[in-house]
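This is coords.cif. It holds mmCIF, C-alpha atoms.
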```cif
data_final
#
loop_
_atom_site.label_atom_id
_atom_site.label_comp_id
_atom_site.auth_asym_id
_atom_site.auth_seq_id
_atom_site.Cartn_x
_atom_site.Cartn_y
_atom_site.Cartn_z
CA MET I 1 -20.15 78.65 33.42
CA ILE I 2 -22.57 79.93 30.78
CA GLU I 3 -19.86 79.28 28.18
CA THR I 4 -19.51 75.70 29.41
CA LEU I 5 -23.26 75.11 29.30
CA LYS I 6 -23.47 76.65 25.85
CA SER I 7 -20.58 74.53 24.61
CA GLY I 8 -22.16 71.42 26.13
CA ALA I 9 -25.44 72.10 24.35
CA GLU I 10 -23.63 72.78 21.07
CA ASP I 11 -21.60 69.59 21.43
CA LEU I 12 -24.73 67.57 22.07
CA ALA I 13 -26.51 69.09 19.07
CA ASP I 14 -23.50 68.46 16.80
CA VAL I 15 -23.13 64.88 18.01
CA GLU I 16 -26.83 64.23 17.33
CA ARG I 17 -26.46 65.65 13.82
CA VAL I 18 -23.33 63.59 13.10
CA LEU I 19 -25.02 60.44 14.34
CA ALA I 20 -27.96 61.26 12.08
CA GLY I 21 -25.55 61.24 9.12
CA ASP I 22 -24.48 64.89 8.79
CA VAL I 23 -20.70 64.60 8.52
CA ARG I 24 -20.21 68.39 8.28
CA ALA I 25 -21.58 68.82 11.80
CA PHE I 26 -18.36 67.32 13.13
CA GLU I 27 -16.60 70.51 12.04
CA GLY I 28 -18.27 72.37 14.90
CA ILE I 29 -16.77 69.90 17.38
CA VAL I 30 -13.33 70.20 15.74
CA CYS I 31 -13.43 74.00 15.79
CA ARG I 32 -14.48 74.12 19.46
CA TRP I 33 -12.01 71.53 20.71
CA GLN I 34 -8.99 71.87 18.42
CA GLY I 35 -7.28 74.34 20.77
CA PRO I 36 -7.62 72.27 23.94
CA LEU I 37 -6.69 69.00 22.21
CA VAL I 38 -3.61 70.42 20.47
CA ASN I 39 -2.51 72.02 23.75
CA MET I 40 -3.07 68.78 25.63
CA ALA I 41 -1.07 66.84 23.01
CA TRP I 42 1.67 69.47 23.16
CA ARG I 43 2.06 68.84 26.88
CA TYR I 44 2.49 65.13 26.16
CA CYS I 45 5.25 65.56 23.56
CA ARG I 46 6.37 69.23 23.42
CA ASP I 47 6.62 69.00 19.65
CA ARG I 48 4.21 71.18 17.72
CA GLY I 49 4.01 69.04 14.57
CA ARG I 50 3.59 65.87 16.58
CA ALA I 51 0.99 67.53 18.80
CA GLU I 52 -1.18 68.35 15.78
CA GLU I 53 -0.80 64.80 14.45
CA LEU I 54 -1.81 63.38 17.82
CA ALA I 55 -4.77 65.75 18.12
CA GLN I 56 -5.90 64.83 14.61
CA GLU I 57 -5.72 61.14 15.50
CA ALA I 58 -7.78 61.84 18.63
CA PHE I 59 -10.45 63.60 16.54
CA ILE I 60 -10.58 60.67 14.11
CA ARG I 61 -11.00 58.22 17.00
CA ALA I 62 -13.69 60.47 18.45
CA TRP I 63 -15.45 60.48 15.08
CA ARG I 64 -15.35 56.69 14.91
CA GLY I 65 -16.50 56.24 18.49
CA LEU I 66 -19.02 59.05 18.74
CA ALA I 67 -21.88 56.62 19.28
CA GLN I 68 -20.08 55.32 22.37
CA TRP I 69 -20.46 58.61 24.25
CA ARG I 70 -23.20 57.70 26.71
CA ARG I 71 -24.08 61.24 27.86
CA GLU I 72 -23.46 60.23 31.50
CA SER I 73 -20.45 62.53 31.55
CA SER I 74 -19.97 65.75 29.63
CA PHE I 75 -18.72 65.54 26.07
CA SER I 76 -15.46 67.23 27.05
CA THR I 77 -14.78 64.63 29.77
CA TRP I 78 -15.34 61.83 27.25
CA LEU I 79 -13.24 63.56 24.60
CA PHE I 80 -10.33 64.28 26.95
CA ALA I 81 -10.31 60.70 28.28
CA LEU I 82 -10.32 59.36 24.72
CA ALA I 83 -7.58 61.80 23.69
CA ALA I 84 -5.44 60.84 26.70
CA ASN I 85 -5.77 57.18 25.66
CA VAL I 86 -4.77 58.01 22.10
CA PHE I 87 -1.78 60.15 23.15
CA ARG I 88 -0.61 57.51 25.61
CA SER I 89 -0.81 54.65 23.13
CA GLU I 90 0.63 56.64 20.20
CA LEU I 91 3.54 57.84 22.29
CA LYS I 92 4.15 54.27 23.43
CA ARG I 93 4.27 53.15 19.79
CA PHE I 94 6.46 56.02 18.63
CA PRO I 95 8.01 57.59 21.72
CA THR I 96 9.50 61.03 21.81
CA VAL I 97 13.16 61.18 22.75
CA ASP I 98 12.99 60.49 26.47
CA LEU I 99 15.86 61.62 28.60
CA PRO I 100 16.33 60.13 32.04
CA LEU I 101 15.39 62.60 34.77
CA GLU I 102 19.00 62.73 35.98
CA THR I 103 20.17 64.08 32.62
CA ALA I 104 17.65 66.93 32.54
CA PRO I 105 19.95 69.90 33.11
CA GLU I 106 19.57 71.96 36.24
CA PRO I 107 19.51 75.61 35.27
CA SER I 108 22.28 77.93 36.35
CA ARG I 109 21.54 81.14 38.26
CA PRO I 110 20.24 83.83 35.96
CA ALA I 111 22.15 86.94 35.12
CA LEU I 112 20.11 90.01 36.03
CA GLN I 113 20.21 91.53 32.57
CA HIS I 114 19.01 88.36 30.87
CA HIS I 115 16.36 87.50 33.43
CA ALA I 116 13.48 87.15 30.99
CA LEU I 117 15.38 84.87 28.65
CA GLU I 118 16.85 82.91 31.51
CA ALA I 119 13.48 82.50 33.17
CA LYS I 120 11.91 81.32 29.95
CA SER I 121 14.70 78.84 29.37
CA ARG I 122 14.53 77.60 32.95
CA HIS I 123 10.77 77.15 32.83
CA GLU I 124 11.15 75.20 29.62
CA GLN I 125 13.74 72.98 31.31
CA VAL I 126 11.33 72.25 34.17
CA ARG I 127 8.54 71.47 31.67
CA ARG I 128 10.83 69.19 29.69
CA ALA I 129 11.87 67.47 32.90
CA VAL I 130 8.22 66.48 33.30
CA LEU I 131 8.60 64.40 30.13
CA ALA I 132 11.51 62.60 31.75
CA LEU I 133 9.33 61.42 34.64
CA PRO I 134 8.14 57.79 34.59
CA LEU I 135 4.83 57.56 32.72
CA ARG I 136 2.75 56.83 35.83
CA TYR I 137 3.87 60.18 37.32
CA ARG I 138 4.22 62.10 34.06
CA GLU I 139 0.62 61.82 32.97
CA PRO I 140 -0.95 63.04 36.23
CA VAL I 141 1.32 66.11 36.10
CA ILE I 142 0.46 66.81 32.45
CA LEU I 143 -3.28 66.48 33.01
CA PHE I 144 -3.39 68.26 36.37
CA TYR I 145 -1.82 71.40 34.94
CA PHE I 146 -3.66 71.08 31.64
CA HIS I 147 -6.91 71.15 33.64
CA GLU I 148 -5.67 74.26 35.47
CA MET I 149 -4.94 72.31 38.67
CA ASP I 150 -8.44 70.83 38.85
CA LEU I 151 -7.74 67.48 40.51
CA SER I 152 -11.16 65.96 39.84
CA ALA I 153 -11.10 66.90 36.14
CA ALA I 154 -7.65 65.33 35.77
CA ALA I 155 -8.83 62.23 37.66
CA ARG I 156 -11.85 61.92 35.36
CA THR I 157 -9.64 62.20 32.28
CA MET I 158 -7.33 59.50 33.58
CA ARG I 159 -10.25 57.44 34.95
CA LEU I 160 -8.41 57.19 38.25
CA PRO I 161 -9.59 57.85 41.81
CA GLU I 162 -8.67 61.34 43.02
CA GLY I 163 -6.63 59.91 45.91
CA THR I 164 -4.44 57.87 43.55
CA LEU I 165 -3.90 60.89 41.34
CA LYS I 166 -3.03 63.05 44.32
CA ALA I 167 -0.46 60.50 45.53
CA ARG I 168 1.12 60.28 42.08
CA LEU I 169 1.23 64.07 41.81
CA SER I 170 2.93 64.30 45.14
CA ARG I 171 5.51 61.70 44.09
CA ALA I 172 6.06 63.50 40.78
CA ARG I 173 6.67 66.79 42.58
CA ALA I 174 9.12 65.05 44.90
CA LEU I 175 11.00 63.69 41.87
CA LEU I 176 11.08 67.13 40.26
CA ARG I 177 12.32 68.65 43.52
CA THR I 178 15.23 66.22 43.58
CA ARG I 179 16.12 67.31 40.05
CA PHE I 180 15.68 71.04 40.72
CA PRO I 181 16.61 71.48 44.39
CA HIS I 182 17.12 75.26 44.09
CA LEU I 183 13.95 75.95 42.21
CA ASP I 184 12.30 77.96 44.99
CA GLU I 185 15.33 80.21 45.53
CA ASP I 186 15.86 80.66 41.81
CA TYR I 187 12.20 81.37 41.31
CA ALA I 188 12.16 83.93 44.13
CA GLY I 189 15.36 85.51 42.77
CA MET I 190 13.90 85.64 39.32
CA GLU I 191 10.72 87.29 40.61
CA PHE I 192 12.84 89.83 42.46
CA SER I 193 15.05 90.59 39.44
CA SER I 194 11.98 90.83 37.26
CA GLN I 195 10.52 93.44 39.65
CA GLN I 196 13.85 95.29 39.72
CA ALA I 197 14.00 95.32 35.94
CA GLY I 198 10.44 96.64 35.86
CA LYS I 199 11.38 99.46 38.23
CA GLU I 200 14.51 100.24 36.16
CA ALA I 201 12.42 100.39 33.03
CA ALA I 202 9.88 102.67 34.75
CA ARG I 203 12.67 105.13 35.68
CA MET Z 1 15.95 81.02 60.62
CA ASN Z 2 16.20 78.31 58.00
CA PRO Z 3 12.93 77.14 56.53
CA THR Z 4 11.88 73.66 57.61
CA LYS Z 5 11.80 70.78 55.18
CA THR Z 6 7.99 71.04 54.90
CA ASP Z 7 8.20 74.78 54.20
CA ARG Z 8 10.81 74.12 51.56
CA ALA Z 9 8.61 71.45 49.99
CA ALA Z 10 5.67 73.83 49.97
CA MET Z 11 7.80 76.57 48.39
CA ASP Z 12 9.17 74.14 45.81
CA SER Z 13 5.76 72.85 44.88
CA THR Z 14 4.55 76.44 44.57
CA ALA Z 15 7.40 77.21 42.19
CA ILE Z 16 6.67 74.01 40.25
CA ASP Z 17 2.95 74.80 40.25
CA ARG Z 18 3.54 78.32 39.00
CA ILE Z 19 5.92 77.23 36.26
CA LEU Z 20 3.84 74.32 35.02
CA ALA Z 21 0.54 76.15 35.26
CA ALA Z 22 1.88 79.14 33.31
CA GLU Z 23 2.11 77.32 30.02
CA GLU Z 24 1.67 79.48 26.94
CA GLU Z 25 -1.41 78.71 24.89
CA LEU Z 26 -0.60 77.03 21.58
CA ILE Z 27 -2.80 78.07 18.66
CA PRO Z 28 -3.46 75.28 16.15
CA SER Z 29 -2.23 75.99 12.63
CA SER Z 30 -4.77 77.54 10.27
CA GLY Z 31 -5.25 74.40 8.20
CA PHE Z 32 -5.65 72.07 11.15
CA ALA Z 33 -9.45 71.94 11.29
CA SER Z 34 -9.74 71.50 7.53
CA SER Z 35 -7.16 68.69 7.49
CA VAL Z 36 -9.08 66.92 10.27
CA MET Z 37 -12.31 67.35 8.33
CA GLU Z 38 -10.63 66.00 5.18
CA ARG Z 39 -9.70 62.84 7.02
CA VAL Z 40 -13.17 62.61 8.53
CA GLN Z 41 -14.70 62.94 5.04
CA GLU Z 42 -12.37 60.19 3.79
CA GLU Z 43 -13.43 57.96 6.69
CA ALA Z 44 -17.08 58.72 6.03
CA ALA Z 45 -16.68 57.86 2.34
CA LEU Z 46 -15.28 54.43 3.14
CA PRO Z 47 -17.79 51.58 2.96
CA PRO Z 48 -18.90 50.48 6.41
CA PRO Z 49 -17.03 47.46 7.78
CA ILE Z 50 -18.64 44.14 6.97
CA PRO Z 51 -20.48 43.02 10.08
CA PHE Z 52 -19.78 39.58 11.45
CA PRO Z 53 -22.33 37.18 9.93
CA TRP Z 54 -23.91 36.13 13.21
CA LYS Z 55 -27.02 34.70 11.52
CA ARG Z 56 -24.92 32.24 9.56
CA ALA Z 57 -22.39 31.63 12.29
CA VAL Z 58 -24.77 30.94 15.16
CA PRO Z 59 -26.04 27.55 13.87
CA GLY Z 60 -22.44 26.48 13.22
CA ILE Z 61 -21.35 27.61 16.68
CA ILE Z 62 -24.29 25.78 18.29
CA LEU Z 63 -23.51 22.64 16.25
CA ALA Z 64 -19.81 22.79 17.16
CA ALA Z 65 -20.64 23.35 20.83
CA GLY Z 66 -23.07 20.42 20.73
CA VAL Z 67 -20.55 18.10 19.11
CA PHE Z 68 -17.85 19.18 21.51
CA GLY Z 69 -20.13 18.82 24.51
CA TRP Z 70 -21.30 15.42 23.38
CA GLY Z 71 -17.68 14.35 22.79
CA ALA Z 72 -16.66 15.55 26.24
CA PHE Z 73 -19.66 13.83 27.84
CA GLU Z 74 -18.87 10.56 26.06
CA LEU Z 75 -15.22 10.82 27.04
CA VAL Z 76 -16.06 11.31 30.71
CA ARG Z 77 -18.69 8.54 30.59
CA GLU Z 78 -16.30 6.09 28.95
CA GLY Z 79 -13.55 7.06 31.33
CA ALA Z 80 -15.78 6.57 34.36
CA ARG Z 81 -16.97 3.21 33.04
CA ALA Z 82 -13.42 2.06 32.41
CA LEU Z 83 -12.36 3.24 35.86
CA ARG Z 84 -15.19 1.30 37.47
CA SER Z 85 -14.15 -1.85 35.61
CA LEU Z 86 -10.59 -1.59 36.86
CA PRO Z 87 -9.58 -3.41 40.04
CA ILE Z 88 -9.30 -0.96 42.96
CA SER Z 89 -5.76 -2.00 43.70
CA ALA Z 90 -4.63 -1.28 40.14
CA PRO Z 91 -1.54 0.91 40.47
CA HIS Z 92 -1.96 2.63 37.09
CA LEU Z 93 -4.46 3.14 34.27
CA SER Z 94 -4.25 1.12 31.10
CA ALA Z 95 -2.60 2.74 28.08
CA THR Z 96 -5.87 2.73 26.09
CA LEU Z 97 -7.47 4.88 28.79
CA VAL Z 98 -4.57 7.20 29.57
CA LEU Z 99 -4.24 8.43 25.97
CA PRO Z 100 -7.78 9.84 25.54
CA ILE Z 101 -7.69 11.44 29.00
CA GLU Z 102 -4.36 13.08 28.20
CA GLN Z 103 -5.69 14.34 24.88
CA ALA Z 104 -8.80 15.72 26.56
CA GLY Z 105 -6.54 17.56 28.99
CA TRP Z 106 -4.61 19.17 26.14
CA VAL Z 107 -7.84 20.13 24.38
CA ALA Z 108 -9.15 21.71 27.59
CA LEU Z 109 -5.86 23.56 28.05
CA ALA Z 110 -5.92 24.86 24.46
CA LEU Z 111 -9.49 26.04 24.91
CA GLY Z 112 -8.58 27.78 28.14
CA VAL Z 113 -5.60 29.52 26.52
CA SER Z 114 -7.76 30.60 23.56
CA LEU Z 115 -10.40 32.01 25.89
CA ALA Z 116 -7.80 33.84 27.96
CA SER Z 117 -6.13 35.32 24.86
CA TRP Z 118 -9.52 36.42 23.49
CA LEU Z 119 -10.40 38.09 26.79
CA PHE Z 120 -6.98 39.75 26.93
CA SER Z 121 -7.15 41.10 23.36
CA HIS Z 122 -10.71 42.31 23.96
CA ARG Z 123 -9.57 44.13 27.07
CA LEU Z 124 -6.59 45.66 25.26
CA ALA Z 125 -8.78 46.80 22.39
CA GLY Z 126 -11.24 48.28 24.88
CA CYS Z 127 -8.49 50.16 26.70
CA SER Z 128 -7.10 51.62 23.49
CA GLY Z 129 -10.54 52.79 22.40
CA LEU Z 130 -10.79 50.46 19.40
CA LEU Z 131 -14.03 48.94 20.62
#
```
Now, as a test, write the supplied structure out as structure tokens.
Amino acid sequence: MIETLKSGAEDLADVERVLAGDVRAFEGIVCRWQGPLVNMAWRYCRDRGRAEELAQEAFIRAWRGLAQWRRESSFSTWLFALAANVFRSELKRFPTVDLPLETAPEPSRPALQHHALEAKSRHEQVRRAVLALPLRYREPVILFYFHEMDLSAAARTMRLPEGTLKARLSRARALLRTRFPHLDEDYAGMEFSSQQAGKEAAR
Amino acid sequence: MNPTKTDRAAMDSTAIDRILAAEEELIPSSGFASSVMERVQEEAALPPPIPFPWKRAVPGIILAAGVFGWGAFELVREGARALRSLPISAPHLSATLVLPIEQAGWVALALGVSLASWLFSHRLAGCSGLL
């Protein structure tokens, strides 16, 4: 909480300095928000190089539109909403390779000895399947988990009512469940094998 | 006992939640901040965009609006006068009257389309953060 307040005060001070003509002050904003913006962009495209390009574009748009931040919401809310707009429109112009949800492979059951690798691969498949969701369901999922399952923060970023976001999330989960019907069993099995492997290693 | 459909859904969403929430943190490359700042410096060095010359344009816009309004008023007045002079039982308007009315209709339609396209582009630009 103190961190958030501190960051908010620093953002405000940097914005004031930039608007007064000190270009270098924008570096403070870039340094503070580069991690979150690159991570957010990564969730939109799952391509590291592209994520940095998208985040850079978002920073440039933020620079151009800094005077439009009206201080009614926090700087981060404004920045994330702007970034989401940039990512959405850039990915519409130059889309990533989108696979239909049906073609996203369902993982096979993991072999006990390769559980860590299997789990990692399976998790990646689930995350990639999110990109195969229709855009109206994909973006709520991306932003909900990016905001650490904070529904209101995701709703503010998307400028949508919480109820609408909740409904879209629910639909997205239903779509993912149809693609990965054995996810719960596999996940439970993986947790179990992970514990077993841990015990084996301890012996 | 088999879990119910709702239980299954809850379990599934938990698995989905846990997988999607446990995303590894990506660290931006070391040169990222400096490359952003380079682009920002480039943007800052560019001359500011030339503002729309409202001071010069406003008299022209007012004049054009006045001429257009006067033209429209005259058209309606002439049309009404011509209509009054026609016999009530006349089945159709004379060709000299139909042509200007038709043209006025097209002009009104073109203006409406222009206004709608301006509003639409403004809205699009607003949504994409260009304004």
For this session: Quick one: apply the PyMOL selection byres ((chain I and resi 27) around 10) to the file and drop the selected residues here as a PyMOL selection string.
Result: (chain I and resi 14+18+23-26+28-33) or (chain Z and resi 33-34+36-37+40)
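Pairwise distance (CA of Asn39 in chain I, CA of Leu26 in chain Z) equals 5.8 Å.
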Write out, as a tab-separated table, each residue of chain I that has an atom at most 8 Å from chain Z, together with the closest pair of atoms and their distance in Å to one decimal, counting all atoms listed in the file, rows going by chain and rising number.
```
residue	atom	partner	partner_atom	distance
I:Val23	CA	Z:Gln41	CA	7.1
I:Arg24	CA	Z:Met37	CA	8.0
I:Phe26	CA	Z:Met37	CA	7.7
I:Glu27	CA	Z:Met37	CA	6.5
I:Val30	CA	Z:Ala33	CA	6.2
I:Cys31	CA	Z:Ala33	CA	6.4
I:Gln34	CA	Z:Pro28	CA	6.9
I:Gly35	CA	Z:Pro28	CA	6.1
I:Val38	CA	Z:Pro28	CA	6.5
I:Asn39	CA	Z:Leu26	CA	5.8
I:Glu52	CA	Z:Pro28	CA	7.3
I:Gln56	CA	Z:Val36	CA	5.8
I:Phe59	CA	Z:Val36	CA	7.2
I:Ile60	CA	Z:Val40	CA	6.5
I:Arg61	CA	Z:Gly129	CA	7.7
I:Trp63	CA	Z:Val40	CA	7.3
I:Gly65	CA	Z:Gly129	CA	7.9
I:Leu82	CA	Z:Gly129	CA	7.0
I:Asn85	CA	Z:Ser128	CA	6.1
I:Val86	CA	Z:Ser128	CA	6.9
I:Ser89	CA	Z:Ser128	CA	7.0
I:His123	CA	Z:Ile19	CA	5.9
I:Val126	CA	Z:Ile19	CA	7.6
I:Arg127	CA	Z:Leu20	CA	6.4
I:Tyr145	CA	Z:Ala21	CA	5.3
I:Phe146	CA	Z:Ala21	CA	7.5
I:Glu148	CA	Z:Ala21	CA	6.5
I:Met149	CA	Z:Ala21	CA	7.5
I:Arg173	CA	Z:Ser13	CA	6.5
I:Arg177	CA	Z:Asp12	CA	6.7
I:Leu183	CA	Z:Asp12	CA	6.3
I:Asp184	CA	Z:Asp12	CA	5.0
I:Tyr187	CA	Z:Ala15	CA	6.4
```
Problem set entry | Top pick for closest residue to Glu139 in chain I, considering I:Arg156, I:Arg64, I:Lys166, I:Arg88 and counting only C-alpha atoms |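 For Glu139 in chain I, the nearest of the given residues is I:Arg88.
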For this session: Using only C-alpha atoms, determine which residues lie at most 8 Å from Ala172 in chain I, disregarding the query and same-chain residues fewer than 6 positions distant; provide the list as a list in words.
Result: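 Residues near the query, excluding close chain neighbours: Leu133, Tyr137, Arg138 and Val141 of chain I.
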Exercise. What separation in Å, quoted to one decimal, exists between CA of Leu79 in chain I and CA of Ala125 in chain Z?
Worked result: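 Between CA of Leu79 in chain I and CA of Ala125 in chain Z the gap is 17.5 Å.
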For this session: May I ask which of the residues I:Leu37, I:Leu175, I:Ala84, I:Pro140 is the closest one to Gly163 in chain I, counting all atoms listed in the file?
Result: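 Nearest candidate to Gly163 in chain I out of I:Leu37, I:Leu175, I:Ala84, I:Pro140: I:Pro140.
We find CA of Arg93 in chain I and CA of Arg168 in chain I to be spaced 23.6 Å apart.
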Exercise. Which residues fall under the PyMOL selection byres ((chain Z and resi 74-76) around 12) in this file, as a VMD selection string?
Worked result: chain Z and resid 66 to 73 77 to 83 97 to 105
Could you give me the axis-aligned bounding box of range 37-56 of chain Z, with 8 Å of padding per side, as centre plus edge lengths in Å to one decimal, as JSON?
```
{"center_x": -18.4, "center_y": 49.8, "center_z": 7.8, "size_x": 33.3, "size_y": 51.1, "size_z": 26.9}
```
Exercise. From the set I:Phe180, I:Gly49, I:Glu57, I:Ala155, which residue has the shortest atom-to-atom contact distance to Val130 in chain I, counting all atoms listed in the file?
Worked result: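 Using all atoms listed in the file, Val130 in chain I sits closest to I:Phe180.
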